[in-house]
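Engineer: Let me begin by handing over the structure; questions about it come next.
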Amino acid sequence: MRSKYNLTLESVSRRFLISGSTLAKSFRRQMGITLHRYVVKRRMNAAHQLLAEGAPPSQVYGMVGYSDYSAFYRAFQNEFGYGPRMAGAQFPPKSAEMFIVSS
């Protein structure tokens, strides 16, 4: 499944025709976090939203760009402090800050 969350340093740097190291440095300087951390946060916030809307964890992990449920589970647990099955109205995201990049 192709996901809009399947971003890598290589794919983004290729898209913008700059080196990976230049992209990494510029991104961190502008955003205050690494590109990888940004992508993980976006994935986790999207996953939490989908789970809160009732989507099953067994489908959500693929929808947000993970190919392995155990990797998704660990990332979700690290981000929120509880597993994906606990997501919902009673557990709103702790790290709900969405990154908005002005154009």
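Each chain of the structure tokens is named A, B, ... in the order shown, its residues numbered from 1; ligands are numbered from 1 in display order.
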Excluding Arg85 in chain A and its own-chain neighbours fewer than 5 positions away, which residues fall within 9 Å of it when counting only C-alpha atoms? Please give them as a VMD selection string.
Structural biologist: chain A and resid 51 56 to 57
Engineer: Take the residues from that selection and put them in a file with C-alpha atoms, as a short mmCIF file (atom, residue, chain, number, x, y, z; two decimals), in the first residue's frame.
Structural biologist:
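Output contents, as saved in result21.cif:
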```cif
data_model
loop_
_atom_site.label_atom_id
_atom_site.label_comp_id
_atom_site.auth_asym_id
_atom_site.auth_seq_id
_atom_site.Cartn_x
_atom_site.Cartn_y
_atom_site.Cartn_z
CA LEU A 51 -8.06 4.98 15.82
CA PRO A 56 -8.94 -1.05 13.74
CA PRO A 57 -5.21 -1.05 14.60
#
```
Engineer: Can you tell me which residues surround range 17-25 of chain A at a distance of at most 8 Å, considering only C-alpha atoms, apart from same-chain residues fewer than 6 positions away, and format the answer as a PyMOL selection string?
Structural biologist: chain A and resi 9-10+34-35
Engineer: Restricting the calculation to only C-alpha atoms, which member of A:Tyr82, A:Ser26, A:Tyr69, A:Leu7 is positioned closest to Arg42 in chain A?
Structural biologist: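 Closest residue, counting only C-alpha atoms: A:Leu7.
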Engineer: Distance CA of Pro84 in chain A-CA of His48 in chain A, one decimal place?
Structural biologist: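 CA of His48 in chain A lies 7.5 Å from CA of Pro84 in chain A.
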Engineer: Quick one: pull the distance between CA of Ala52 in chain A and CA of Arg37 in chain A, Å, one decimal.
Structural biologist: 22.3 Å
Engineer: Suppose you want the space between CA of Glu53 in chain A and CA of Ala87 in chain A; what is it in Å?
Structural biologist: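 Answer for the CA of Glu53 in chain A to CA of Ala87 in chain A separation: 9.4 Å.
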Engineer: Which of these, A:Tyr73, A:Val39, A:Phe80, A:Asn45, has the shortest distance to Ser58 in chain A once you count only C-alpha atoms?
Structural biologist: A:Tyr73
Engineer: Residues within 12 Å of Asn78 in chain A, please, as a ChimeraX atom specification. Count only C-alpha atoms; anything in the same chain fewer than 4 positions from it doesn't count.
Structural biologist: /A:40-41,44,71-74,82-84,94-95
Engineer: Once you have the residues from the selection above, write them out as an mmCIF file, in the first residue's frame, restricted to N, CA and C atoms.
Structural biologist:
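The resulting file, again.cif, is shown below:
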```cif
data_model
loop_
_atom_site.group_PDB
_atom_site.id
_atom_site.type_symbol
_atom_site.label_atom_id
_atom_site.label_comp_id
_atom_site.auth_asym_id
_atom_site.auth_seq_id
_atom_site.Cartn_x
_atom_site.Cartn_y
_atom_site.Cartn_z
ATOM 1 N N VAL A 40 7.652 10.650 11.847
ATOM 2 C CA VAL A 40 7.088 9.769 12.878
ATOM 3 C C VAL A 40 5.949 10.473 13.603
ATOM 4 N N LYS A 41 6.129 11.735 13.983
ATOM 5 C CA LYS A 41 5.065 12.482 14.667
ATOM 6 C C LYS A 41 3.825 12.606 13.791
ATOM 7 N N MET A 44 2.100 9.205 13.711
ATOM 8 C CA MET A 44 1.451 8.870 14.976
ATOM 9 C C MET A 44 0.198 9.713 15.208
ATOM 10 N N ALA A 71 6.427 -2.801 14.757
ATOM 11 C CA ALA A 71 7.148 -1.521 14.681
ATOM 12 C C ALA A 71 6.180 -0.366 14.915
ATOM 13 N N PHE A 72 4.989 -0.464 14.340
ATOM 14 C CA PHE A 72 3.955 0.555 14.567
ATOM 15 C C PHE A 72 3.571 0.615 16.040
ATOM 16 N N TYR A 73 3.363 -0.537 16.646
ATOM 17 C CA TYR A 73 2.973 -0.592 18.052
ATOM 18 C C TYR A 73 4.025 0.081 18.934
ATOM 19 N N ARG A 74 5.302 -0.258 18.718
ATOM 20 C CA ARG A 74 6.384 0.336 19.516
ATOM 21 C C ARG A 74 6.433 1.853 19.337
ATOM 22 N N TYR A 82 0.776 4.665 25.642
ATOM 23 C CA TYR A 82 -0.202 3.580 25.689
ATOM 24 C C TYR A 82 -0.310 2.990 24.294
ATOM 25 N N GLY A 83 -0.855 1.781 24.211
ATOM 26 C CA GLY A 83 -0.941 1.087 22.938
ATOM 27 C C GLY A 83 -2.063 1.582 22.049
ATOM 28 N N PRO A 84 -2.032 1.215 20.770
ATOM 29 C CA PRO A 84 -3.036 1.673 19.806
ATOM 30 C C PRO A 84 -4.471 1.291 20.165
ATOM 31 N N LYS A 94 -1.284 13.036 23.529
ATOM 32 C CA LYS A 94 -0.446 13.873 24.384
ATOM 33 C C LYS A 94 0.444 14.767 23.540
ATOM 34 N N SER A 95 0.831 14.291 22.379
ATOM 35 C CA SER A 95 1.730 15.082 21.542
ATOM 36 C C SER A 95 0.978 15.494 20.287
#
```
Engineer: Which of range 15-90 of chain A end up as helix (DSSP H, G or I) when DSSP is run on this backbone - answer as a ChimeraX atom specification?
Structural biologist: /A:15,20-31,35-52,57-63,69-80,84-86
